[in-house]
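Q: entry-v6.cif is reproduced in full below (mmCIF, C-alpha atoms; chains and numbers go by the auth columns).
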```
data_coords
#
loop_
_atom_site.group_PDB
_atom_site.id
_atom_site.type_symbol
_atom_site.label_atom_id
_atom_site.label_comp_id
_atom_site.label_asym_id
_atom_site.label_seq_id
_atom_site.Cartn_x
_atom_site.Cartn_y
_atom_site.Cartn_z
_atom_site.B_iso_or_equiv
_atom_site.auth_seq_id
_atom_site.auth_asym_id
ATOM 1 C CA MET A 1 -18.820 9.457 14.342 0.00 165 A
ATOM 2 C CA THR A 2 -19.040 12.186 11.699 0.00 166 A
ATOM 3 C CA LEU A 3 -15.852 14.075 10.979 0.00 167 A
ATOM 4 C CA PRO A 4 -15.916 17.883 10.669 0.00 168 A
ATOM 5 C CA LEU A 5 -15.852 19.440 7.170 0.00 169 A
ATOM 6 C CA GLU A 6 -12.379 20.787 7.861 0.00 170 A
ATOM 7 C CA GLY A 7 -9.667 19.515 10.104 0.00 171 A
ATOM 8 C CA ALA A 8 -6.073 18.513 10.613 0.00 172 A
ATOM 9 C CA MET A 9 -4.112 15.662 12.108 0.00 173 A
ATOM 10 C CA ALA A 10 -0.465 15.242 12.976 0.00 174 A
ATOM 11 C CA LEU A 11 1.750 12.980 10.886 0.00 175 A
ATOM 12 C CA ALA A 12 4.619 12.052 13.155 0.00 176 A
ATOM 13 C CA SER A 13 4.870 8.272 13.151 0.00 177 A
ATOM 14 C CA GLU A 14 4.100 5.185 11.110 0.00 178 A
ATOM 15 C CA GLN A 15 0.956 4.714 13.157 0.00 179 A
ATOM 16 C CA ASP A 16 -0.185 8.123 11.905 0.00 180 A
ATOM 17 C CA ILE A 17 0.057 6.856 8.310 0.00 181 A
ATOM 18 C CA VAL A 18 -2.502 4.191 9.221 0.00 182 A
ATOM 19 C CA MET A 19 -4.597 6.835 11.018 0.00 183 A
ATOM 20 C CA SER A 20 -4.556 9.130 7.982 0.00 184 A
ATOM 21 C CA ARG A 21 -5.803 6.272 5.780 0.00 185 A
ATOM 22 C CA GLN A 22 -8.663 5.639 8.205 0.00 186 A
ATOM 23 C CA THR A 23 -9.515 9.347 8.404 0.00 187 A
ATOM 24 C CA VAL A 24 -9.561 9.722 4.619 0.00 188 A
ATOM 25 C CA ARG A 25 -11.652 6.559 4.291 0.00 189 A
ATOM 26 C CA LYS A 26 -14.263 8.048 6.657 0.00 190 A
ATOM 27 C CA LEU A 27 -14.239 11.395 4.860 0.00 191 A
ATOM 28 C CA THR A 28 -14.695 9.863 1.401 0.00 192 A
ATOM 29 C CA GLN A 29 -17.528 7.713 2.754 0.00 193 A
ATOM 30 C CA GLN A 30 -19.166 10.788 4.265 0.00 194 A
ATOM 31 C CA ILE A 31 -19.105 12.544 0.894 0.00 195 A
ATOM 32 C CA GLY A 32 -20.395 9.423 -0.796 0.00 196 A
ATOM 33 C CA PHE A 33 -17.438 8.525 -3.043 0.00 197 A
ATOM 34 C CA SER A 34 -17.745 5.235 -4.930 0.00 198 A
ATOM 35 C CA LEU A 35 -15.648 2.374 -3.555 0.00 199 A
ATOM 36 C CA VAL A 36 -13.063 2.759 -6.338 0.00 200 A
ATOM 37 C CA ASP A 37 -12.807 6.528 -5.741 0.00 201 A
ATOM 38 C CA GLN A 38 -12.497 5.937 -1.985 0.00 202 A
ATOM 39 C CA THR A 39 -9.694 3.450 -2.594 0.00 203 A
ATOM 40 C CA LYS A 40 -7.828 5.822 -4.923 0.00 204 A
ATOM 41 C CA MET A 41 -8.010 8.728 -2.477 0.00 205 A
ATOM 42 C CA VAL A 42 -7.020 6.564 0.512 0.00 206 A
ATOM 43 C CA THR A 43 -4.078 5.113 -1.423 0.00 207 A
ATOM 44 C CA ALA A 44 -2.887 8.578 -2.492 0.00 208 A
ATOM 45 C CA ALA A 45 -3.182 9.731 1.135 0.00 209 A
ATOM 46 C CA SER A 46 -1.151 6.734 2.274 0.00 210 A
ATOM 47 C CA GLU A 47 1.666 7.519 -0.160 0.00 211 A
ATOM 48 C CA LEU A 48 1.759 11.212 0.701 0.00 212 A
ATOM 49 C CA SER A 49 1.478 10.652 4.469 0.00 213 A
ATOM 50 C CA ARG A 50 4.431 8.311 4.271 0.00 214 A
ATOM 51 C CA ASN A 51 6.443 10.920 2.357 0.00 215 A
ATOM 52 C CA THR A 52 5.633 13.468 5.079 0.00 216 A
ATOM 53 C CA VAL A 53 6.676 11.097 7.871 0.00 217 A
ATOM 54 C CA VAL A 54 9.703 9.438 6.247 0.00 218 A
ATOM 55 C CA TYR A 55 11.210 12.205 4.090 0.00 219 A
ATOM 56 C CA GLY A 56 9.715 15.335 5.638 0.00 220 A
ATOM 57 C CA GLY A 57 10.513 14.314 9.201 0.00 221 A
ATOM 58 C CA GLY A 58 6.842 14.634 10.163 0.00 222 A
ATOM 59 C CA GLY A 59 4.199 17.275 9.621 0.00 223 A
ATOM 60 C CA GLU A 60 0.464 17.344 9.270 0.00 224 A
ATOM 61 C CA MET A 61 -2.441 16.453 7.032 0.00 225 A
ATOM 62 C CA ARG A 62 -5.245 18.982 6.619 0.00 226 A
ATOM 63 C CA TRP A 63 -8.549 18.174 5.001 0.00 227 A
ATOM 64 C CA ALA A 64 -11.468 20.159 3.638 0.00 228 A
ATOM 65 C CA LEU A 65 -14.677 19.226 1.900 0.00 229 A
ATOM 66 C CA VAL A 66 -14.852 21.490 -1.131 0.00 230 A
ATOM 67 C CA THR A 67 -17.492 22.389 -3.694 0.00 231 A
ATOM 68 C CA ASN A 68 -17.278 23.702 -7.215 0.00 232 A
ATOM 69 C CA GLY A 69 -20.711 24.456 -8.627 0.00 233 A
ATOM 70 C CA ALA A 70 -22.631 21.233 -8.241 0.00 234 A
ATOM 71 C CA LYS A 71 -19.484 19.175 -7.625 0.00 235 A
ATOM 72 C CA THR A 72 -18.379 18.013 -4.195 0.00 236 A
ATOM 73 C CA GLY A 73 -14.888 16.875 -3.460 0.00 237 A
ATOM 74 C CA LEU A 74 -12.231 16.270 -0.872 0.00 238 A
ATOM 75 C CA ARG A 75 -9.048 18.309 -0.662 0.00 239 A
ATOM 76 C CA LEU A 76 -6.060 17.092 1.343 0.00 240 A
ATOM 77 C CA ALA A 77 -2.839 18.919 2.101 0.00 241 A
ATOM 78 C CA PHE A 78 0.307 17.222 3.395 0.00 242 A
ATOM 79 C CA GLU A 79 2.788 19.672 4.810 0.00 243 A
ATOM 80 C CA ASP A 80 6.171 19.285 6.421 0.00 244 A
ATOM 81 C CA GLN A 81 9.071 21.535 7.398 0.00 245 A
ATOM 82 C CA GLY A 82 11.615 19.005 6.202 0.00 246 A
ATOM 83 C CA PRO A 83 14.534 19.235 3.793 0.00 247 A
ATOM 84 C CA GLY A 84 12.396 19.945 0.714 0.00 248 A
ATOM 85 C CA ILE A 85 12.861 18.363 -2.714 0.00 249 A
ATOM 86 C CA PRO A 86 15.911 19.656 -4.646 0.00 250 A
ATOM 87 C CA ASP A 87 14.836 18.389 -8.066 0.00 251 A
ATOM 88 C CA LEU A 88 11.056 18.324 -8.348 0.00 252 A
ATOM 89 C CA THR A 89 10.976 17.230 -11.998 0.00 253 A
ATOM 90 C CA LEU A 90 13.086 14.225 -11.093 0.00 254 A
ATOM 91 C CA ALA A 91 10.981 13.417 -8.011 0.00 255 A
ATOM 92 C CA LEU A 92 7.833 13.420 -10.154 0.00 256 A
ATOM 93 C CA THR A 93 9.343 11.015 -12.683 0.00 257 A
ATOM 94 C CA ASP A 94 7.993 7.472 -12.680 0.00 258 A
ATOM 95 C CA GLY A 95 10.556 5.031 -11.425 0.00 259 A
ATOM 96 C CA TRP A 96 12.762 7.584 -9.732 0.00 260 A
ATOM 97 C CA THR A 97 13.345 6.598 -6.139 0.00 261 A
ATOM 98 C CA SER A 98 15.324 7.996 -3.275 0.00 262 A
ATOM 99 C CA GLY A 99 16.119 4.395 -2.454 0.00 263 A
ATOM 100 C CA LYS A 100 13.436 3.456 0.057 0.00 264 A
ATOM 101 C CA GLY A 101 10.398 3.120 -2.181 0.00 265 A
ATOM 102 C CA MET A 102 9.329 1.827 -5.547 0.00 266 A
ATOM 103 C CA GLY A 103 9.495 5.218 -7.219 0.00 267 A
ATOM 104 C CA VAL A 104 5.769 5.647 -7.697 0.00 268 A
ATOM 105 C CA GLY A 105 4.841 7.614 -4.575 0.00 269 A
ATOM 106 C CA LEU A 106 4.536 11.129 -5.987 0.00 270 A
ATOM 107 C CA SER A 107 3.910 10.373 -9.652 0.00 271 A
ATOM 108 C CA GLY A 108 1.474 7.577 -8.796 0.00 272 A
ATOM 109 C CA SER A 109 -0.510 9.665 -6.299 0.00 273 A
ATOM 110 C CA LYS A 110 -0.829 12.333 -8.980 0.00 274 A
ATOM 111 C CA ARG A 111 -2.553 9.833 -11.263 0.00 275 A
ATOM 112 C CA LEU A 112 -5.014 8.838 -8.533 0.00 276 A
ATOM 113 C CA VAL A 113 -6.468 12.320 -8.054 0.00 277 A
ATOM 114 C CA ASN A 114 -8.038 15.085 -10.181 0.00 278 A
ATOM 115 C CA GLU A 115 -5.870 17.964 -8.971 0.00 279 A
ATOM 116 C CA PHE A 116 -2.308 17.843 -7.719 0.00 280 A
ATOM 117 C CA ASP A 117 -0.179 20.726 -6.532 0.00 281 A
ATOM 118 C CA ILE A 118 3.235 20.617 -4.951 0.00 282 A
ATOM 119 C CA ARG A 119 5.246 23.431 -3.404 0.00 283 A
ATOM 120 C CA THR A 120 8.692 22.786 -2.071 0.00 284 A
ATOM 121 C CA ALA A 121 11.749 24.769 -1.058 0.00 285 A
ATOM 122 C CA VAL A 122 15.078 23.268 -0.076 0.00 286 A
ATOM 123 C CA GLY A 123 15.591 23.617 3.659 0.00 287 A
ATOM 124 C CA GLU A 124 12.043 24.859 4.244 0.00 288 A
ATOM 125 C CA GLY A 125 9.699 22.008 3.528 0.00 289 A
ATOM 126 C CA THR A 126 7.141 20.552 1.175 0.00 290 A
ATOM 127 C CA CYS A 127 3.402 20.904 0.797 0.00 291 A
ATOM 128 C CA VAL A 128 1.432 18.615 -1.496 0.00 292 A
ATOM 129 C CA THR A 129 -2.247 19.391 -2.089 0.00 293 A
ATOM 130 C CA ILE A 130 -4.564 16.941 -3.807 0.00 294 A
ATOM 131 C CA THR A 131 -8.244 17.112 -4.692 0.00 295 A
ATOM 132 C CA ARG A 132 -10.568 14.434 -5.904 0.00 296 A
ATOM 133 C CA TRP A 133 -14.094 15.249 -7.084 0.00 297 A
ATOM 134 C CA LYS A 134 -17.030 12.962 -6.553 0.00 298 A
ATOM 135 C CA MET B 1 3.999 -3.900 17.135 0.00 129 B
ATOM 136 C CA GLN B 2 1.526 -6.343 15.672 0.00 130 B
ATOM 137 C CA ARG B 3 2.766 -9.486 13.934 0.00 131 B
ATOM 138 C CA ILE B 4 0.845 -11.362 11.279 0.00 132 B
ATOM 139 C CA PRO B 5 0.448 -15.069 12.121 0.00 133 B
ATOM 140 C CA ILE B 6 1.829 -17.647 9.686 0.00 134 B
ATOM 141 C CA LEU B 7 0.036 -21.001 9.553 0.00 135 B
ATOM 142 C CA GLN B 8 1.578 -24.170 8.209 0.00 136 B
ATOM 143 C CA MET B 9 -0.403 -26.777 6.297 0.00 137 B
ATOM 144 C CA GLY B 10 1.747 -29.570 4.923 0.00 138 B
ATOM 145 C CA LYS B 11 4.386 -27.961 2.746 0.00 139 B
ATOM 146 C CA CYS B 12 2.434 -24.713 2.485 0.00 140 B
ATOM 147 C CA LEU B 13 2.513 -21.565 4.584 0.00 141 B
ATOM 148 C CA LEU B 14 -0.717 -19.593 4.846 0.00 142 B
ATOM 149 C CA VAL B 15 -0.948 -15.925 5.706 0.00 143 B
ATOM 150 C CA THR B 16 -4.161 -13.948 5.996 0.00 144 B
ATOM 151 C CA ILE B 17 -3.675 -10.220 6.389 0.00 145 B
ATOM 152 C CA GLN B 18 -6.627 -8.872 8.344 0.00 146 B
ATOM 153 C CA VAL B 19 -5.305 -5.652 9.806 0.00 147 B
ATOM 154 C CA ASP B 20 -4.552 -2.254 8.349 0.00 148 B
ATOM 155 C CA LEU B 21 -0.844 -2.859 7.808 0.00 149 B
ATOM 156 C CA GLN B 22 1.674 -0.610 9.447 0.00 150 B
ATOM 157 C CA ASP B 23 4.967 -0.422 7.537 0.00 151 B
ATOM 158 C CA GLN B 24 6.932 -2.179 10.297 0.00 152 B
ATOM 159 C CA THR B 25 4.362 -4.990 10.438 0.00 153 B
ATOM 160 C CA ALA B 26 4.756 -5.513 6.684 0.00 154 B
ATOM 161 C CA LEU B 27 8.543 -5.652 7.000 0.00 155 B
ATOM 162 C CA ALA B 28 8.311 -8.048 9.949 0.00 156 B
ATOM 163 C CA LEU B 29 6.074 -10.358 7.910 0.00 157 B
ATOM 164 C CA GLN B 30 8.708 -10.471 5.180 0.00 158 B
ATOM 165 C CA ASP B 31 11.386 -11.478 7.702 0.00 159 B
ATOM 166 C CA ASP B 32 9.127 -13.941 9.535 0.00 160 B
ATOM 167 C CA LEU B 33 8.135 -15.666 6.294 0.00 161 B
ATOM 168 C CA ALA B 34 11.733 -16.022 5.144 0.00 162 B
ATOM 169 C CA ALA B 35 12.649 -17.612 8.491 0.00 163 B
ATOM 170 C CA LYS B 36 9.600 -19.867 8.446 0.00 164 B
ATOM 171 C CA ILE B 37 10.309 -21.101 4.896 0.00 165 B
ATOM 172 C CA GLU B 38 13.774 -22.074 6.028 0.00 166 B
ATOM 173 C CA THR B 39 12.734 -23.896 9.219 0.00 167 B
ATOM 174 C CA SER B 40 9.674 -25.607 7.716 0.00 168 B
ATOM 175 C CA GLY B 41 11.054 -26.412 4.273 0.00 169 B
ATOM 176 C CA ALA B 42 7.803 -25.086 2.810 0.00 170 B
ATOM 177 C CA ARG B 43 7.429 -25.159 -0.971 0.00 171 B
ATOM 178 C CA GLY B 44 4.481 -22.823 -1.224 0.00 172 B
ATOM 179 C CA VAL B 45 3.328 -19.562 0.360 0.00 173 B
ATOM 180 C CA LEU B 46 -0.246 -18.349 0.060 0.00 174 B
ATOM 181 C CA ILE B 47 -1.000 -14.775 1.050 0.00 175 B
ATOM 182 C CA ASP B 48 -4.669 -13.843 1.356 0.00 176 B
ATOM 183 C CA ILE B 49 -5.180 -10.091 1.011 0.00 177 B
ATOM 184 C CA SER B 50 -8.975 -10.147 0.603 0.00 178 B
ATOM 185 C CA ALA B 51 -9.380 -8.089 3.781 0.00 179 B
ATOM 186 C CA LEU B 52 -6.901 -5.429 2.651 0.00 180 B
ATOM 187 C CA GLU B 53 -8.662 -2.207 1.671 0.00 181 B
ATOM 188 C CA ILE B 54 -5.650 -0.699 -0.021 0.00 182 B
ATOM 189 C CA VAL B 55 -2.299 -1.783 -1.394 0.00 183 B
ATOM 190 C CA ASP B 56 0.043 1.170 -1.641 0.00 184 B
ATOM 191 C CA SER B 57 3.600 1.172 -2.947 0.00 185 B
ATOM 192 C CA PHE B 58 5.009 0.034 0.408 0.00 186 B
ATOM 193 C CA ILE B 59 2.735 -2.990 0.697 0.00 187 B
ATOM 194 C CA GLY B 60 3.256 -3.703 -3.011 0.00 188 B
ATOM 195 C CA ARG B 61 6.987 -3.677 -2.439 0.00 189 B
ATOM 196 C CA MET B 62 6.559 -6.052 0.505 0.00 190 B
ATOM 197 C CA LEU B 63 4.518 -8.501 -1.606 0.00 191 B
ATOM 198 C CA ALA B 64 7.090 -8.383 -4.405 0.00 192 B
ATOM 199 C CA GLY B 65 9.851 -8.801 -1.813 0.00 193 B
ATOM 200 C CA ILE B 66 8.249 -11.889 -0.266 0.00 194 B
ATOM 201 C CA SER B 67 7.784 -13.462 -3.704 0.00 195 B
ATOM 202 C CA GLY B 68 11.412 -12.837 -4.581 0.00 196 B
ATOM 203 C CA ILE B 69 12.801 -14.092 -1.273 0.00 197 B
ATOM 204 C CA ALA B 70 10.588 -17.194 -1.395 0.00 198 B
ATOM 205 C CA ARG B 71 11.699 -17.950 -4.950 0.00 199 B
ATOM 206 C CA VAL B 72 15.331 -17.838 -3.930 0.00 200 B
ATOM 207 C CA LEU B 73 14.471 -20.187 -1.047 0.00 201 B
ATOM 208 C CA ASP B 74 12.796 -22.543 -3.548 0.00 202 B
ATOM 209 C CA ALA B 75 9.188 -21.776 -2.635 0.00 203 B
ATOM 210 C CA THR B 76 6.352 -20.468 -4.801 0.00 204 B
ATOM 211 C CA THR B 77 4.243 -17.532 -3.603 0.00 205 B
ATOM 212 C CA VAL B 78 0.678 -16.800 -4.643 0.00 206 B
ATOM 213 C CA VAL B 79 -1.161 -13.641 -3.568 0.00 207 B
ATOM 214 C CA VAL B 80 -4.915 -14.199 -3.542 0.00 208 B
ATOM 215 C CA GLY B 81 -8.159 -12.322 -3.073 0.00 209 B
ATOM 216 C CA MET B 82 -7.290 -8.798 -4.145 0.00 210 B
ATOM 217 C CA GLN B 83 -10.398 -6.617 -4.131 0.00 211 B
ATOM 218 C CA PRO B 84 -11.284 -5.184 -7.581 0.00 212 B
ATOM 219 C CA ALA B 85 -11.085 -1.564 -6.334 0.00 213 B
ATOM 220 C CA VAL B 86 -7.597 -2.307 -5.004 0.00 214 B
ATOM 221 C CA ALA B 87 -6.520 -3.831 -8.329 0.00 215 B
ATOM 222 C CA ILE B 88 -7.792 -0.799 -10.278 0.00 216 B
ATOM 223 C CA THR B 89 -5.990 1.594 -7.934 0.00 217 B
ATOM 224 C CA LEU B 90 -2.774 -0.414 -7.946 0.00 218 B
ATOM 225 C CA VAL B 91 -2.494 -0.378 -11.727 0.00 219 B
ATOM 226 C CA GLU B 92 -3.257 3.345 -11.901 0.00 220 B
ATOM 227 C CA LEU B 93 -0.673 3.980 -9.199 0.00 221 B
ATOM 228 C CA GLY B 94 1.827 2.338 -11.522 0.00 222 B
ATOM 229 C CA LEU B 95 2.478 -0.937 -9.725 0.00 223 B
ATOM 230 C CA SER B 96 2.127 -4.071 -11.780 0.00 224 B
ATOM 231 C CA LEU B 97 3.456 -6.456 -9.093 0.00 225 B
ATOM 232 C CA GLU B 98 5.772 -8.025 -11.637 0.00 226 B
ATOM 233 C CA GLY B 99 7.029 -11.407 -10.597 0.00 227 B
ATOM 234 C CA VAL B 100 4.165 -11.860 -8.135 0.00 228 B
ATOM 235 C CA ARG B 101 1.789 -14.705 -8.948 0.00 229 B
ATOM 236 C CA THR B 102 -1.821 -13.920 -8.159 0.00 230 B
ATOM 237 C CA ALA B 103 -5.061 -15.872 -8.026 0.00 231 B
ATOM 238 C CA LEU B 104 -8.656 -14.785 -7.660 0.00 232 B
ATOM 239 C CA ASN B 105 -9.315 -16.675 -4.431 0.00 233 B
ATOM 240 C CA VAL B 106 -7.793 -19.101 -1.922 0.00 234 B
ATOM 241 C CA GLU B 107 -9.060 -22.163 -3.780 0.00 235 B
ATOM 242 C CA ARG B 108 -7.452 -21.193 -7.072 0.00 236 B
ATOM 243 C CA GLY B 109 -4.318 -20.135 -5.238 0.00 237 B
ATOM 244 C CA MET B 110 -4.019 -23.557 -3.607 0.00 238 B
ATOM 245 C CA GLN B 111 -4.489 -25.164 -7.033 0.00 239 B
ATOM 246 C CA MET B 112 -1.595 -23.107 -8.373 0.00 240 B
ATOM 247 C CA LEU B 113 0.641 -24.144 -5.481 0.00 241 B
ATOM 248 C CA ARG B 114 -0.354 -27.784 -5.922 0.00 242 B
ATOM 249 C CA ALA B 115 0.418 -27.614 -9.650 0.00 243 B
ATOM 250 C CA ALA B 116 3.785 -25.994 -8.949 0.00 244 B
ATOM 251 C CA ALA B 117 4.639 -28.684 -6.400 0.00 245 B
ATOM 252 C CA GLU B 118 3.580 -31.520 -8.714 0.00 246 B
ATOM 253 C CA GLU B 119 5.864 -30.142 -11.412 0.00 247 B
ATOM 254 C CA ASP B 120 8.665 -30.524 -8.920 0.00 248 B
ATOM 255 C CA GLY B 121 7.452 -33.987 -7.941 0.00 249 B
ATOM 256 C CA VAL B 122 6.612 -32.939 -4.372 0.00 250 B
ATOM 257 C CA ASP B 123 3.320 -33.791 -2.717 0.00 251 B
ATOM 258 C CA PRO B 124 2.244 -30.490 -1.099 0.00 252 B
ATOM 259 C CA ALA B 125 -0.031 -32.218 1.421 0.00 253 B
ATOM 260 C CA ALA B 126 2.739 -34.475 2.692 0.00 254 B
#
```
What is this file in structure tokens?
A:
Amino acid sequence: MTLPLEGAMALASEQDIVMSRQTVRKLTQQIGFSLVDQTKMVTAASELSRNTVVYGGGGEMRWALVTNGAKTGLRLAFEDQGPGIPDLTLALTDGWTSGKGMGVGLSGSKRLVNEFDIRTAVGEGTCVTITRWK
Amino acid sequence: MQRIPILQMGKCLLVTIQVDLQDQTALALQDDLAAKIETSGARGVLIDISALEIVDSFIGRMLAGISGIARVLDATTVVVGMQPAVAITLVELGLSLEGVRTALNVERGMQMLRAAAEEDGVDPAA
């Protein structure tokens, strides 16, 4: 089954984290990412989906196939209406952990993609957007 | 919730992860292995992850956790069969799996466990 060029899925439970990995795997295969690039994007999606579910209290993942000149890529956005991140600099520091992870979720995902953008407001939520080019 | 089966062969426990791991399944495996090491008196644990398409920080933490728990319970853990793309991604993510012994494949992993057992004067096949 071919996935549409744009779409969204809910991130409400742990099962959805697995679903998001499978969705991103399919999308990266559709675009023709190399196996290593597929693995990097799927791993980043896994980290960010988990953040949305565990820390954001649930939300959604949106995807879009994007182009820039001759380049093709995949853009993913993970958005929640959770508590937000009070200290973003700290949260993006390697090794910093809220206690439940290994402290590489955000900073590590950033290294796995070409573009990384995060918007957060305390009490309003967080949206992380990542792009990886083929 | 799915549970990952644990096989016993002599003094070794064998685990092959063949499903896309949900977080709870990973945590349950950690608990199940700890219990099984205690009841079986196993000296070695071999975890085959060759079917795993990704290892993210949660699964990495689980693997490190199992190794640590097993060590405290006097058993050696070897993680085998990591796909090259997974290894590349894991290092870039920032996980080095410190304290986790790894081997390229099941055969080399079993050799490591055998060597560890011989050092202790235990016959792993017995």
Q: Do you have, as CSV, the list of residues of chain A lying at most 7 Å from chain B, each with its nearest atom pair and that distance in Å to one decimal, counting all atoms listed in the file and ordered by chain then number?
A:
```
residue,atom,partner,partner_atom,distance
A:Glu178,CA,B:Gln150,CA,6.5
A:Gln179,CA,B:Gln150,CA,6.5
A:Val182,CA,B:Gln150,CA,6.4
A:Leu199,CA,B:Ala213,CA,6.6
A:Val200,CA,B:Ala213,CA,4.8
A:Thr203,CA,B:Ile182,CA,6.3
A:Lys204,CA,B:Thr217,CA,5.5
A:Thr207,CA,B:Asp184,CA,5.7
A:Ser210,CA,B:Asp184,CA,6.9
A:Glu211,CA,B:Asp184,CA,6.7
A:Gly265,CA,B:Phe186,CA,6.7
A:Met266,CA,B:Ser185,CA,6.3
A:Val268,CA,B:Gly222,CA,6.4
A:Gly269,CA,B:Ser185,CA,6.8
A:Gly272,CA,B:Leu221,CA,4.2
A:Ser273,CA,B:Leu221,CA,6.4
A:Arg275,CA,B:Leu221,CA,6.5
A:Leu276,CA,B:Leu221,CA,6.5
```
Q: Please dump the current selection as a PDB file, in the frame of the given file; keep C-alpha atoms.
A:
```pdb
ATOM      1  CA  GLU A 178       4.100   5.185  11.110  1.00  0.00           C
ATOM      2  CA  GLN A 179       0.956   4.714  13.157  1.00  0.00           C
ATOM      3  CA  VAL A 182      -2.502   4.191   9.221  1.00  0.00           C
ATOM      4  CA  LEU A 199     -15.648   2.374  -3.555  1.00  0.00           C
ATOM      5  CA  VAL A 200     -13.063   2.759  -6.338  1.00  0.00           C
ATOM      6  CA  THR A 203      -9.694   3.450  -2.594  1.00  0.00           C
ATOM      7  CA  LYS A 204      -7.828   5.822  -4.923  1.00  0.00           C
ATOM      8  CA  THR A 207      -4.078   5.113  -1.423  1.00  0.00           C
ATOM      9  CA  SER A 210      -1.151   6.734   2.274  1.00  0.00           C
ATOM     10  CA  GLU A 211       1.666   7.519  -0.160  1.00  0.00           C
ATOM     11  CA  GLY A 265      10.398   3.120  -2.181  1.00  0.00           C
ATOM     12  CA  MET A 266       9.329   1.827  -5.547  1.00  0.00           C
ATOM     13  CA  VAL A 268       5.769   5.647  -7.697  1.00  0.00           C
ATOM     14  CA  GLY A 269       4.841   7.614  -4.575  1.00  0.00           C
ATOM     15  CA  GLY A 272       1.474   7.577  -8.796  1.00  0.00           C
ATOM     16  CA  SER A 273      -0.510   9.665  -6.299  1.00  0.00           C
ATOM     17  CA  ARG A 275      -2.553   9.833 -11.263  1.00  0.00           C
ATOM     18  CA  LEU A 276      -5.014   8.838  -8.533  1.00  0.00           C
TER      19      LEU A 276
END
```
Q: Report the residues retrieved by the PyMOL selection byres ((chain B and resi 208) around 10) from the displayed file, expressed as a PyMOL selection string.
A: chain B and resi 144+174-178+205-207+209-211+229-238
Q: Report, in Å to a single decimal, how far apart atom CA of Ile187 of chain B and atom CA of Leu254 of chain A are.
A: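 We find that atom CA of Leu254 of chain A and atom CA of Ile187 of chain B lie 23.3 Å from each other.
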Q: Looking at only C-alpha atoms, which of B:Thr167, B:Asp160, B:Gly138, B:Thr204 is the one that sits closest to Ala245 of chain B?
A: B:Thr204
Q: What do you get, as a list in words, if you spell out every residue that the PyMOL selection byres ((chain A and resi 293) around 9) selects here?
A: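 Output of the PyMOL selection byres ((chain A and resi 293) around 9): Arg239, Leu240, Ala241, Phe242, Glu243, Glu279, Phe280, Asp281, Ile282, Arg283, Cys291, Val292, Ile294 and Thr295 of chain A.
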Q: Determine the residue set returned by the PyMOL selection byres ((chain A and resi 257) around 10) for the present structure, and present it as JSON, numbers by chain.
A: {"A": [252, 253, 254, 255, 256, 258, 259, 260, 261, 267, 268, 269, 270, 271, 272]}
Q: Do you know which residues are at most 10 Å from Leu135 of chain B counting only C-alpha atoms, after dropping those on the same chain fewer than 5 positions away, and could you put them as a ChimeraX atom specification?
A: /B:140-144,164,173-174
Q: Measuring between all atoms listed in the file, which one of B:Leu241, B:Leu201, B:Leu225, B:Leu180 shows the shortest distance to Ala162 of chain B?
A: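 Of B:Leu241, B:Leu201, B:Leu225, B:Leu180, the one nearest Ala162 of chain B is B:Leu201, counting all atoms listed in the file.
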Q: Mind pulling up the distance from atom CA of Ile197 of chain B to atom CA of Asp159 of chain B?
A: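 Spanning atom CA of Asp159 of chain B to atom CA of Ile197 of chain B is a straight-line distance of 9.5 Å.
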Q: Which distance in Å separates atom CA of Leu238 of chain A and atom CA of Asn215 of chain A, to one decimal?
A: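 The value is 19.7 Å.
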Q: Of the residues A:Gly196, A:Gly171, A:Gly289, A:Pro250, which is the one nearest to Thr216 of chain A, using only C-alpha atoms?
A: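 Checking each of A:Gly196, A:Gly171, A:Gly289, A:Pro250 against Thr216 of chain A, counting only C-alpha atoms, the winner is A:Gly289.
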Q: Which residue, A:Ser213, A:Gln245, A:Thr284, A:Gln194, has the smallest gap to Leu229 of chain A when you use all atoms listed in the file?
A: A:Gln194
